[in-house]
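work.txt follows; it contains compact mmCIF, C-alpha atoms.
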# COMPACT_ATOMS: atom_id res chain seq x y z
CA MET A 1 13.61 2.73 -32.93
CA ARG A 2 14.29 4.46 -29.64
CA TYR A 3 17.53 3.71 -27.90
CA ARG A 4 17.98 6.80 -25.76
CA ASP A 5 15.54 9.08 -24.09
CA SER A 6 17.22 12.48 -24.34
CA SER A 7 15.00 13.96 -21.62
CA GLU A 8 16.59 11.58 -19.15
CA VAL A 9 20.13 12.78 -19.77
CA GLU A 10 21.38 14.59 -16.72
CA VAL A 11 24.45 15.01 -14.62
CA THR A 12 23.34 14.09 -11.15
CA GLY A 13 20.18 12.26 -12.04
CA VAL A 14 18.00 15.36 -11.81
CA ALA A 15 16.90 17.29 -14.87
CA ARG A 16 16.07 20.63 -13.30
CA SER A 17 14.42 22.13 -16.38
CA ASP A 18 12.00 19.23 -16.83
CA PRO A 19 8.48 20.55 -16.09
CA GLY A 20 7.41 17.06 -15.08
CA HIS A 21 10.20 17.01 -12.56
CA GLU A 22 9.23 20.43 -11.20
CA TYR A 23 5.61 19.30 -10.83
CA GLU A 24 6.83 16.21 -9.01
CA VAL A 25 8.96 18.27 -6.64
CA ALA A 26 5.94 20.49 -5.90
CA LEU A 27 3.79 17.41 -5.25
CA ILE A 28 6.36 15.97 -2.87
CA GLY A 29 6.50 19.25 -0.98
CA ARG A 30 2.73 19.33 -0.56
CA ILE A 31 2.67 15.72 0.63
CA GLN A 32 5.43 16.47 3.12
CA ARG A 33 3.35 19.39 4.41
CA GLY A 34 0.36 17.13 5.06
CA GLU A 35 -1.61 16.68 1.82
CA ARG A 36 -1.17 12.95 2.06
CA GLU A 37 -3.74 11.96 -0.56
CA LEU A 38 -1.52 13.48 -3.26
CA PHE A 39 0.75 10.49 -2.81
CA TYR A 40 -1.53 8.54 -5.15
CA GLU A 41 -0.97 11.13 -7.85
CA LEU A 42 2.76 11.08 -7.25
CA ILE A 43 3.11 7.33 -7.72
CA ARG A 44 0.55 6.84 -10.49
CA PRO A 45 3.07 7.14 -13.37
CA TYR A 46 5.33 4.54 -11.74
CA GLU A 47 2.91 1.85 -10.58
CA ARG A 48 3.36 -0.31 -13.66
CA ARG A 49 7.11 0.24 -13.79
CA VAL A 50 7.59 -0.78 -10.16
CA PHE A 51 5.54 -3.90 -10.72
CA VAL A 52 7.50 -4.93 -13.81
CA ILE A 53 10.80 -4.50 -11.97
CA ALA A 54 9.59 -6.45 -8.95
CA PHE A 55 8.19 -9.16 -11.18
CA THR A 56 11.44 -9.42 -13.14
CA ILE A 57 13.39 -9.94 -9.94
CA LEU A 58 10.94 -12.27 -8.19
CA ARG A 59 9.53 -14.03 -11.26
CA ASN A 60 6.21 -14.48 -9.52
CA GLU A 61 3.15 -12.23 -9.81
CA ALA A 62 1.85 -12.68 -6.27
CA ASP A 63 5.26 -12.03 -4.69
CA ALA A 64 5.77 -9.07 -7.01
CA GLN A 65 2.46 -7.53 -5.98
CA ASP A 66 3.35 -7.89 -2.30
CA ALA A 67 6.76 -6.34 -2.96
CA VAL A 68 5.16 -3.45 -4.85
CA GLN A 69 2.78 -2.73 -2.01
CA ASP A 70 5.58 -2.83 0.56
CA ALA A 71 7.75 -0.63 -1.65
CA PHE A 72 5.07 2.04 -1.98
CA LEU A 73 4.37 1.91 1.75
CA LYS A 74 8.06 2.41 2.47
CA ALA A 75 8.24 5.22 -0.05
CA PHE A 76 5.34 6.94 1.69
CA LYS A 77 6.85 6.38 5.12
CA TYR A 78 10.25 7.73 4.16
CA LEU A 79 9.15 10.43 1.74
CA ALA A 80 9.96 13.04 4.38
CA GLN A 81 13.58 11.95 4.11
CA PHE A 82 13.69 12.30 0.31
CA ARG A 83 16.37 14.92 -0.41
CA TYR A 84 16.13 15.34 -4.19
CA GLU A 85 19.60 13.91 -4.70
CA SER A 86 18.09 11.89 -7.53
CA ARG A 87 14.81 11.84 -9.40
CA PHE A 88 11.90 10.59 -7.36
CA SER A 89 11.44 7.80 -9.91
CA THR A 90 15.03 6.61 -9.46
CA TRP A 91 14.69 6.71 -5.68
CA LEU A 92 11.37 4.85 -5.88
CA ILE A 93 12.90 2.18 -8.10
CA GLN A 94 15.78 1.77 -5.65
CA VAL A 95 13.23 1.22 -2.90
CA ALA A 96 11.37 -1.31 -5.06
CA ILE A 97 14.54 -3.19 -6.02
CA ASN A 98 15.61 -3.39 -2.38
CA GLU A 99 12.18 -4.61 -1.37
CA ALA A 100 12.13 -7.28 -4.08
CA ARG A 101 15.65 -8.43 -3.23
CA LEU A 102 14.75 -8.58 0.45
CA ARG A 103 11.67 -10.64 -0.29
CA GLN A 104 13.74 -12.90 -2.52
CA ARG A 105 16.27 -13.52 0.25
CA LYS A 106 13.48 -14.25 2.70
CA SER A 107 11.97 -16.83 0.41
CA HIS A 108 15.36 -18.51 0.02
CA LEU A 109 15.31 -18.18 -3.73
CA GLU A 110 18.99 -17.33 -3.55
CA ILE A 111 19.71 -21.04 -3.29
CA MET A 112 18.18 -21.50 -6.71
CA ARG A 113 20.13 -18.75 -8.47
CA PRO A 114 21.13 -19.63 -12.00
CA ILE A 115 24.70 -20.68 -12.51
CA GLU A 116 25.38 -17.60 -14.66
CA ASP A 117 25.27 -15.45 -11.56
CA GLN A 118 28.63 -16.79 -10.61
CA GLU A 119 30.13 -16.11 -14.03
CA ASN A 120 32.60 -13.37 -14.77
CA GLU A 121 30.68 -10.88 -16.85
CA ASP A 122 33.87 -9.52 -18.41
CA GLY A 123 34.49 -12.78 -20.26
CA THR A 124 33.78 -12.79 -23.98
CA TYR A 125 30.35 -14.05 -24.91
CA THR A 126 30.14 -15.83 -28.22
CA PRO A 127 26.70 -15.58 -29.84
CA ARG A 128 25.37 -18.80 -31.26
CA ASP A 129 25.09 -19.18 -34.96
CA PHE A 130 21.46 -19.33 -35.99
CA ALA A 131 19.61 -18.81 -39.20
CA ASP A 132 18.01 -15.44 -39.79
CA TRP A 133 15.65 -13.89 -37.31
CA ARG A 134 14.99 -10.87 -39.36
CA GLU A 135 11.37 -9.88 -39.04
CA ILE A 136 8.94 -9.41 -36.22
CA PRO A 137 5.26 -9.66 -37.13
CA SER A 138 3.46 -6.72 -35.60
CA GLU A 139 0.91 -9.01 -34.02
CA ALA A 140 3.56 -11.14 -32.29
CA LEU A 141 2.95 -9.78 -28.82
CA GLU A 142 -0.78 -10.25 -29.17
CA ARG A 143 -0.13 -13.96 -28.90
CA LYS A 144 -0.12 -15.00 -25.30
CA GLU A 145 2.26 -17.89 -25.83
CA ILE A 146 4.84 -15.58 -27.39
CA ARG A 147 4.69 -13.22 -24.42
CA GLU A 148 5.00 -16.16 -22.05
CA LYS A 149 8.09 -17.36 -23.89
CA LEU A 150 9.63 -13.92 -23.72
CA VAL A 151 8.91 -13.71 -19.99
CA ALA A 152 10.35 -17.19 -19.47
CA ALA A 153 13.49 -16.36 -21.42
CA LEU A 154 14.07 -13.20 -19.40
CA GLY A 155 13.41 -15.11 -16.19
CA SER A 156 16.07 -17.64 -17.09
CA LEU A 157 18.81 -14.98 -17.02
CA ALA A 158 20.85 -14.34 -13.91
CA GLN A 159 19.41 -11.62 -11.73
CA LYS A 160 22.12 -9.04 -12.40
CA TYR A 161 21.33 -9.24 -16.13
CA ARG A 162 17.58 -9.22 -15.60
CA GLU A 163 17.77 -6.08 -13.48
CA VAL A 164 19.82 -4.10 -15.98
CA PHE A 165 17.81 -5.31 -18.95
CA VAL A 166 14.42 -4.50 -17.45
CA LEU A 167 15.43 -1.00 -16.41
CA ARG A 168 17.05 -0.13 -19.73
CA ASP A 169 15.22 -2.09 -22.41
CA VAL A 170 11.80 -2.65 -20.83
CA GLU A 171 11.41 0.58 -18.87
CA HIS A 172 13.62 2.69 -21.13
CA MET A 173 15.60 4.27 -18.36
CA SER A 174 18.85 5.93 -19.34
CA ILE A 175 22.16 4.20 -18.75
CA GLU A 176 22.94 6.79 -16.07
CA ASN A 177 19.68 6.34 -14.19
CA THR A 178 19.94 2.57 -14.47
CA ALA A 179 23.41 2.74 -12.96
CA GLN A 180 22.19 5.00 -10.17
CA ALA A 181 19.16 2.84 -9.39
CA LEU A 182 21.28 -0.29 -9.18
CA GLY A 183 24.25 1.32 -7.47
CA ILE A 184 26.71 0.22 -10.15
CA SER A 185 28.84 2.06 -12.71
CA ALA A 186 27.61 3.02 -16.16
CA GLY A 187 30.30 0.73 -17.57
CA ALA A 188 28.91 -2.22 -15.63
CA VAL A 189 25.44 -1.41 -16.95
CA LYS A 190 26.70 -1.48 -20.53
CA THR A 191 28.58 -4.73 -20.03
CA ARG A 192 25.60 -6.47 -18.45
CA LEU A 193 23.24 -5.04 -21.02
CA LEU A 194 25.34 -6.42 -23.86
CA ARG A 195 25.42 -9.85 -22.24
CA ALA A 196 21.69 -9.82 -21.48
CA ARG A 197 20.76 -8.84 -25.03
CA LEU A 198 23.02 -11.48 -26.57
CA MET A 199 21.77 -14.21 -24.25
CA LEU A 200 18.14 -13.33 -24.94
CA ARG A 201 18.81 -13.35 -28.65
CA ASP A 202 20.35 -16.80 -28.33
CA LEU A 203 17.45 -18.04 -26.22
CA LEU A 204 14.72 -16.70 -28.47
CA ALA A 205 16.08 -16.96 -32.00
CA PRO A 206 15.73 -20.73 -32.33
CA GLY A 207 12.06 -20.71 -31.35
CA LEU A 208 10.75 -17.37 -32.47
CA GLY A 209 12.94 -17.12 -35.55
CA GLY A 210 11.68 -20.51 -36.66
CA ILE A 211 8.04 -19.72 -35.92
CA TRP A 212 8.11 -16.45 -37.84
CA ALA A 213 10.11 -17.85 -40.70
CA GLY A 214 7.46 -20.52 -41.10
CA HIS A 215 9.86 -23.40 -40.45
CA SER A 216 11.60 -24.70 -37.41
CA GLN A 217 15.21 -23.77 -36.80
CA ILE A 218 15.29 -25.34 -33.38
CA PRO A 219 18.04 -27.89 -32.91
CA LYS A 220 16.75 -30.85 -30.96
CA GLY A 221 16.90 -30.29 -27.21
CA THR A 222 17.90 -26.62 -27.34
CA ASN A 223 14.50 -24.97 -26.89
CA PRO A 224 15.02 -22.87 -23.76
CA TRP A 225 11.44 -23.08 -22.58
CA SER A 226 10.74 -26.76 -23.21
CA MET B 227 38.98 0.52 -40.32
CA VAL B 228 38.40 -3.21 -40.31
CA VAL B 229 36.69 -5.09 -37.48
CA ASN B 230 36.39 -8.82 -36.87
CA CYS B 231 33.45 -10.78 -35.41
CA GLU B 232 34.65 -10.47 -31.81
CA ASP B 233 34.87 -6.70 -32.18
CA VAL B 234 31.30 -6.72 -33.43
CA TRP B 235 30.02 -8.84 -30.56
CA ARG B 236 31.74 -6.54 -28.09
CA GLU B 237 30.36 -3.35 -29.60
CA ILE B 238 26.99 -4.39 -30.94
CA SER B 239 25.07 -3.24 -27.88
CA ASN B 240 26.72 0.18 -28.07
CA TYR B 241 25.79 0.19 -31.76
CA PHE B 242 22.12 0.07 -30.77
CA GLU B 243 22.71 2.66 -28.04
CA GLY B 244 24.05 5.05 -30.68
CA ASP B 245 27.18 5.15 -28.62
CA LEU B 246 29.81 4.53 -31.33
CA ASP B 247 31.98 7.02 -33.12
CA PRO B 248 31.07 7.27 -36.83
CA THR B 249 34.20 5.43 -38.03
CA LEU B 250 33.54 2.40 -35.83
CA LYS B 251 29.86 2.41 -36.70
CA ARG B 252 30.67 2.39 -40.42
CA ALA B 253 33.15 -0.44 -39.92
CA LEU B 254 30.50 -2.53 -38.15
CA GLU B 255 28.00 -1.95 -40.93
CA GLU B 256 30.54 -2.99 -43.53
CA HIS B 257 31.16 -6.13 -41.52
CA PHE B 258 27.42 -6.92 -41.33
CA ALA B 259 27.26 -6.79 -45.11
CA GLN B 260 29.91 -9.48 -45.35
CA CYS B 261 29.19 -11.72 -42.32
CA SER B 262 25.84 -13.51 -42.13
CA HIS B 263 26.48 -14.65 -38.55
CA CYS B 264 27.02 -11.11 -37.26
CA GLU B 265 24.14 -9.89 -39.38
CA SER B 266 21.96 -12.51 -37.69
CA VAL B 267 23.22 -11.39 -34.29
CA ARG B 268 22.37 -7.78 -35.14
CA ASP B 269 18.87 -8.67 -36.34
CA GLY B 270 18.23 -10.84 -33.31
CA MET B 271 19.36 -8.17 -30.88
CA ARG B 272 17.20 -5.58 -32.62
CA ASN B 273 14.21 -7.90 -32.30
CA VAL B 274 14.93 -8.45 -28.61
CA ILE B 275 15.07 -4.72 -27.94
CA GLU B 276 11.88 -4.07 -29.89
CA LEU B 277 9.89 -6.93 -28.41
CA TYR B 278 10.75 -6.29 -24.78
CA GLY B 279 10.46 -2.55 -25.24
CA ASP B 280 6.86 -2.83 -26.37
CA LYS B 281 4.42 -1.45 -23.82
CA THR B 282 2.17 -4.46 -24.21
CA MET B 283 4.92 -6.86 -23.25
CA PHE B 284 4.10 -6.83 -19.53
CA SER B 285 0.57 -6.36 -18.28
CA LEU B 286 -0.54 -5.76 -14.74
CA PRO B 287 -2.38 -8.63 -13.07
CA ALA B 288 -6.14 -8.34 -12.60
CA GLY B 289 -7.06 -6.53 -9.41
CA PHE B 290 -3.67 -4.89 -9.12
CA TYR B 291 -4.94 -1.36 -8.47
CA PRO B 292 -7.67 -2.17 -5.92
CA ARG B 293 -5.23 -4.32 -3.95
CA LEU B 294 -2.51 -1.71 -4.05
CA HIS B 295 -4.74 1.20 -3.10
CA GLY B 296 -6.49 -0.87 -0.46
CA ARG B 297 -3.13 -1.57 1.13
CA LEU B 298 -2.02 2.05 0.94
CA ALA B 299 -5.28 3.56 2.17
CA ASP B 300 -4.65 3.03 5.89
CA GLN B 301 -1.28 4.73 5.74
CA VAL B 302 -2.09 7.48 3.30
CA GLU B 303 -5.61 8.34 4.38
CA GLY B 304 -5.44 7.15 7.99
CA PRO B 305 -7.29 4.16 9.48
CA ARG B 306 -10.78 3.72 8.12
CA VAL B 307 -13.73 2.40 10.15
CA SER B 308 -15.75 -0.43 8.66
CA ARG B 309 -19.48 0.01 8.18
CA ARG B 310 -20.18 -2.52 10.92
CA ALA B 311 -17.86 -0.76 13.37
CA TRP B 312 -19.42 2.56 12.40
CA LEU B 313 -22.92 1.25 13.13
CA VAL B 314 -21.82 -0.15 16.49
CA SER B 315 -20.18 3.12 17.47
CA VAL B 316 -23.31 5.07 16.48
CA ALA B 317 -25.49 2.71 18.50
CA VAL B 318 -23.25 2.95 21.58
CA THR B 319 -23.08 6.73 21.33
CA GLY B 320 -26.85 6.91 20.99
CA ALA B 321 -27.37 4.66 23.98
CA LEU B 322 -25.00 6.74 26.09
CA ALA B 323 -26.70 9.95 25.05
CA ALA B 324 -30.13 8.49 25.86
CA SER B 325 -28.86 7.33 29.26
CA ALA B 326 -27.52 10.79 30.00
CA VAL B 327 -30.82 12.41 29.04
CA PHE B 328 -32.77 9.86 31.10
CA ALA B 329 -30.53 10.42 34.14
CA THR B 330 -30.97 14.17 33.80
CA VAL B 331 -34.73 13.74 33.66
CA LEU B 332 -34.68 11.50 36.70
CA GLU B 333 -32.51 13.92 38.63
CA GLY B 334 -34.94 16.68 37.84
CA PHE B 335 -37.91 14.57 38.85
CA VAL B 336 -39.78 16.01 41.82
CA PRO B 337 -42.44 13.67 43.14
CA GLN B 338 -45.89 15.11 43.35
CA PRO B 339 -46.99 15.02 47.04
CA ARG B 340 -50.16 13.16 47.75
CA SER B 341 -51.32 16.06 49.88
CA GLU B 342 -51.33 19.60 48.59
CA MET B 343 -50.38 20.79 52.04
CA SER B 344 -47.37 18.53 52.54
CA GLN B 345 -43.84 19.18 51.47
CA PRO B 346 -41.58 16.55 50.01
CA ALA B 347 -38.89 15.01 52.17
CA ARG B 348 -35.58 16.80 52.22
CA ARG B 349 -33.81 14.16 54.21
CA LEU B 350 -34.41 10.46 54.17
CA PRO B 351 -34.13 7.99 57.00
CA GLN B 352 -31.64 5.17 56.80
CA ARG B 353 -34.18 2.41 57.31
CA LEU B 354 -37.36 1.08 55.81
CA VAL B 355 -40.48 3.10 56.38
CA ALA B 356 -44.13 2.13 56.65
CA ILE B 357 -46.82 3.39 54.33
CA VAL B 358 -50.54 2.85 54.20
CA ASP B 359 -52.27 2.54 50.87
CA GLY B 360 -54.32 5.70 50.38
CA GLY B 361 -52.29 7.57 53.05
CA LYS B 362 -50.20 10.66 52.50
CA THR B 363 -47.23 10.20 54.83
CA PHE B 364 -44.66 7.54 55.55
CA HIS B 365 -43.92 6.53 59.11
CA ALA B 366 -41.57 4.79 61.42
CA PRO B 367 -42.92 1.31 62.15
CA GLY B 368 -45.44 1.43 65.04
CA CYS B 369 -46.20 5.12 64.69
CA PRO B 370 -49.53 5.77 66.50
CA PHE B 371 -50.58 8.22 63.84
CA MET B 372 -50.57 5.53 61.19
CA HIS B 373 -53.95 4.02 60.49
CA GLY B 374 -54.81 1.03 58.41
CA LYS B 375 -52.86 -1.85 57.04
CA ASN B 376 -49.31 -0.78 56.39
CA HIS B 377 -46.38 -2.28 54.57
CA MET B 378 -42.70 -1.53 54.53
CA VAL B 379 -40.92 0.16 51.65
CA THR B 380 -37.62 1.97 51.19
CA PRO B 381 -37.73 5.71 51.87
CA GLU B 382 -36.88 6.35 48.21
CA GLU B 383 -39.86 4.34 47.06
CA ALA B 384 -42.11 6.18 49.50
CA VAL B 385 -40.91 9.57 48.25
CA ARG B 386 -41.27 8.46 44.64
CA GLU B 387 -44.88 7.52 45.37
CA GLY B 388 -45.57 10.99 46.76
CA TYR B 389 -45.53 10.13 50.45
CA ALA B 390 -44.24 12.88 52.74
CA PRO B 391 -42.57 12.13 56.07
CA CYS B 392 -44.78 12.05 59.16
CA ASN B 393 -43.62 15.08 61.14
CA ARG B 394 -44.29 13.33 64.37
CA CYS B 395 -42.69 9.93 64.17
CA MET B 396 -40.08 10.87 61.57
CA TYR B 397 -38.98 14.14 63.14
CA GLU B 398 -36.12 12.81 65.22
CA ALA B 399 -35.09 10.29 62.62
CA LEU B 400 -34.84 12.91 59.92
CA ARG B 401 -32.98 15.37 62.08
CA SER B 402 -30.19 12.91 62.54
CA ALA B 403 -30.34 11.45 59.02
CA GLY B 404 -27.23 12.07 56.96
CA LYS B 405 -28.69 11.25 53.65
CA VAL B 406 -29.91 14.22 51.76
CA THR B 407 -32.13 14.06 48.75
CA PRO B 408 -30.44 15.60 45.68
CA ASP B 409 -32.90 18.41 45.19
CA PHE B 410 -32.29 19.94 48.55
CA GLU B 411 -28.69 19.23 49.24
CA GLY B 412 -27.25 21.75 51.71
CA GLU B 413 -30.57 23.05 52.86
CA GLU B 414 -32.06 22.65 56.28
CA MET B 415 -34.86 20.22 56.78
CA VAL B 416 -38.20 21.91 56.98
CA SER B 417 -40.93 20.32 58.99
CA ASN B 418 -44.00 19.18 57.19
CA GLU B 419 -47.12 21.03 57.70
CA SER B 420 -49.35 18.06 57.23
CA GLY B 421 -49.57 15.07 59.43
CA GLY B 422 -50.83 11.57 59.10
CA LYS B 423 -54.37 10.60 59.26

Once more with this new file: its structure as structure tokens, please.
Amino acid sequence: MRYRDSSEVEVTGVARSDPGHEYEVALIGRIQRGERELFYELIRPYERRVFVIAFTILRNEADAQDAVQDAFLKAFKYLAQFRYESRFSTWLIQVAINEARLRQRKSHLEIMRPIEDQENEDGTYTPRDFADWREIPSEALERKEIREKLVAALGSLAQKYREVFVLRDVEHMSIENTAQALGISAGAVKTRLLRARLMLRDLLAPGLGGIWAGHSQIPKGTNPWS
Amino acid sequence: MVVNCEDVWREISNYFEGDLDPTLKRALEEHFAQCSHCESVRDGMRNVIELYGDKTMFSLPAGFYPRLHGRLADQVEGPRVSRRAWLVSVAVTGALAASAVFATVLEGFVPQPRSEMSQPARRLPQRLVAIVDGGKTFHAPGCPFMHGKNHMVTPEEAVREGYAPCNRCMYEALRSAGKVTPDFEGEEMVSNESGGK
């Protein structure tokens, strides 16, 4: 199991010795000097990542696609102002997060924020006591309904937990880069990540644990997606 | 080192991050062996991390790339012209070019005089002139050197048809005429050698 990508460990967010990073810097320079078509090559590795982040924030595919397009357009427009103070990917994700949040505010989804958003994240979270959820069948994600339940469970978390979780556990960004992209401390990332993981475990274990164990462990009325 | 359940719940995420010192890590593992609740929490969290970390967890919607690249194309590659607009622009350009060529041809057109001895008009009168079908010169109305049934035309039409000015009746009119035919602009009027019938 992978919990840390060592190539992403850096001091200021930029791993100077990374050949991929050097290639990216060269690409950015050429685009800034007028080879505009290279922008497609620059963003290709991040297209899916930007979509997943936008989708996690907006919880709607159509809105997420619009946000992705606007984010890439902004990135292209302001690429000349990119100063290599962070990785391009981190800067791009910041642009995408801002774009998704802006779109969310415009659509007045703030009114419908989950109650957890108002909670103090420093409070102790007590995991619920469920029966075992030990094994994951390898074919689990091939089942559409399982993926939909996972997406629904993630979508039910407060936004601050969704953002941290998607950057760290879905997109495998380092704690440091996640903190930089979200403009919060590494400590805050760890705290929110702990809470997000525990809440998702509590949301999913009753349904998925029961399904995989071959018998239902779901207490009546507690299925999070029903 | 002994830890209780609350210690485990507080540190379990760091446990998966590999962010615990060895003593604390060992203490957590000893606790898991004794506490089924915390063991269940550990297994559940591991499953969450593995499931959401799978690359197949999120898939891009159909048509994602064409829509994205279509939206970026104008900015990245500059505005593109549609096929219809391209065809219209080609047609307009062609029409303008043809008009220019046609105008050039017309400007260069020198009417063939009806008489080998006459010279084309270099100045034109400012009024209608009279011509006779089969004649070679155009006249002022009532010119005594005009024979046959005449009809009035513009001087330009008369020149285009090859009529030369009558050097008797048109002499004075052409001397004072301000309008100069394009081919001879700036030159003095030269009297025609030939006359009317």

Can you measure atom CA of Asp129 of chain A to atom CA of Leu157 of chain A for me? One decimal in Å is fine. 19.5 Å

Have a look at B:Ala347, B:Val355, B:His365, B:His377 and name the one nearest to Ala390 of chain B; count only C-alpha atoms. B:Ala347

Could you give me, as a ChimeraX atom specification, the residues within 10 Å of segment 86-96 of chain A, counting only C-alpha atoms and dropping anything in the same chain fewer than 6 positions from it? /A:8,12-16,21,24-25,28,42-43,45-46,49-51,53-54,64,67-72,74-76,79,102,167,173,177-183

Residue list as a ChimeraX atom specification for point (-0.2, 15.6, -3.7), cut-off 8 Å, all atoms listed in the file: /A:27-28,30-31,35-42

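Counting all atoms listed in the file, the residue from A:Asp169, A:Glu145, A:Glu22, A:Asp63 that sits nearest to chain B is A:Asp169.
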
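Note that atom CA of Leu354 of chain B and atom CA of Cys369 of chain B are 13.2 Å apart.
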
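Using only C-alpha atoms for every distance, the candidate list B:Gly279, B:Gly320, B:Gly388, B:Pro248 yields B:Gly279 as the residue closest to chain A.
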
Who sits within 7 Å of Lys362 of chain B, all atoms listed in the file, same chain under 3 positions skipped, as JSON, numbers by chain: {"B": [340, 341, 389, 390, 422]}

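The two atoms in question, atom CA of Val52 of chain A and atom CA of Val166 of chain A, are spaced 7.8 Å apart.
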
What are the residues of chain B lining chain A at 7 Å or less? Count all atoms listed in the file, and put the answer as a list in words. Ser239, Phe242, Glu243, His263, Ser266, Asp269, Gly270, Met271, Asn273, Val274, Ile275, Tyr278, Gly279, Met283, Phe284, Leu286, Leu294, Arg297, Leu298, Val302 and Glu303 of chain B

Neighbours of point (-55.1, -0.3, 53.9) within 9 Å, using all atoms listed in the file, written as a list in words: Val358, Asp359, Gly360, Gly361, His373, Gly374, Lys375, Asn376 and His377 of chain B

Name the residues in contact with Met396 of chain B at a cut-off of 9 Å, using all atoms listed in the file, excluding same-chain residues fewer than 5 positions from it; report them as a PyMOL selection string. chain B and resi 351+364-366+369+391+401

Of the residues B:Cys231, B:Asp245, B:Pro287, B:Lys281, which is the one nearest to Glu265 of chain B, using only C-alpha atoms? B:Cys231

Within 9 Å of Thr380 of chain B, counting all atoms listed in the file, which residues qualify if same-chain residues fewer than 4 places away don't, as a PyMOL selection string? chain B and resi 352-356+384-385
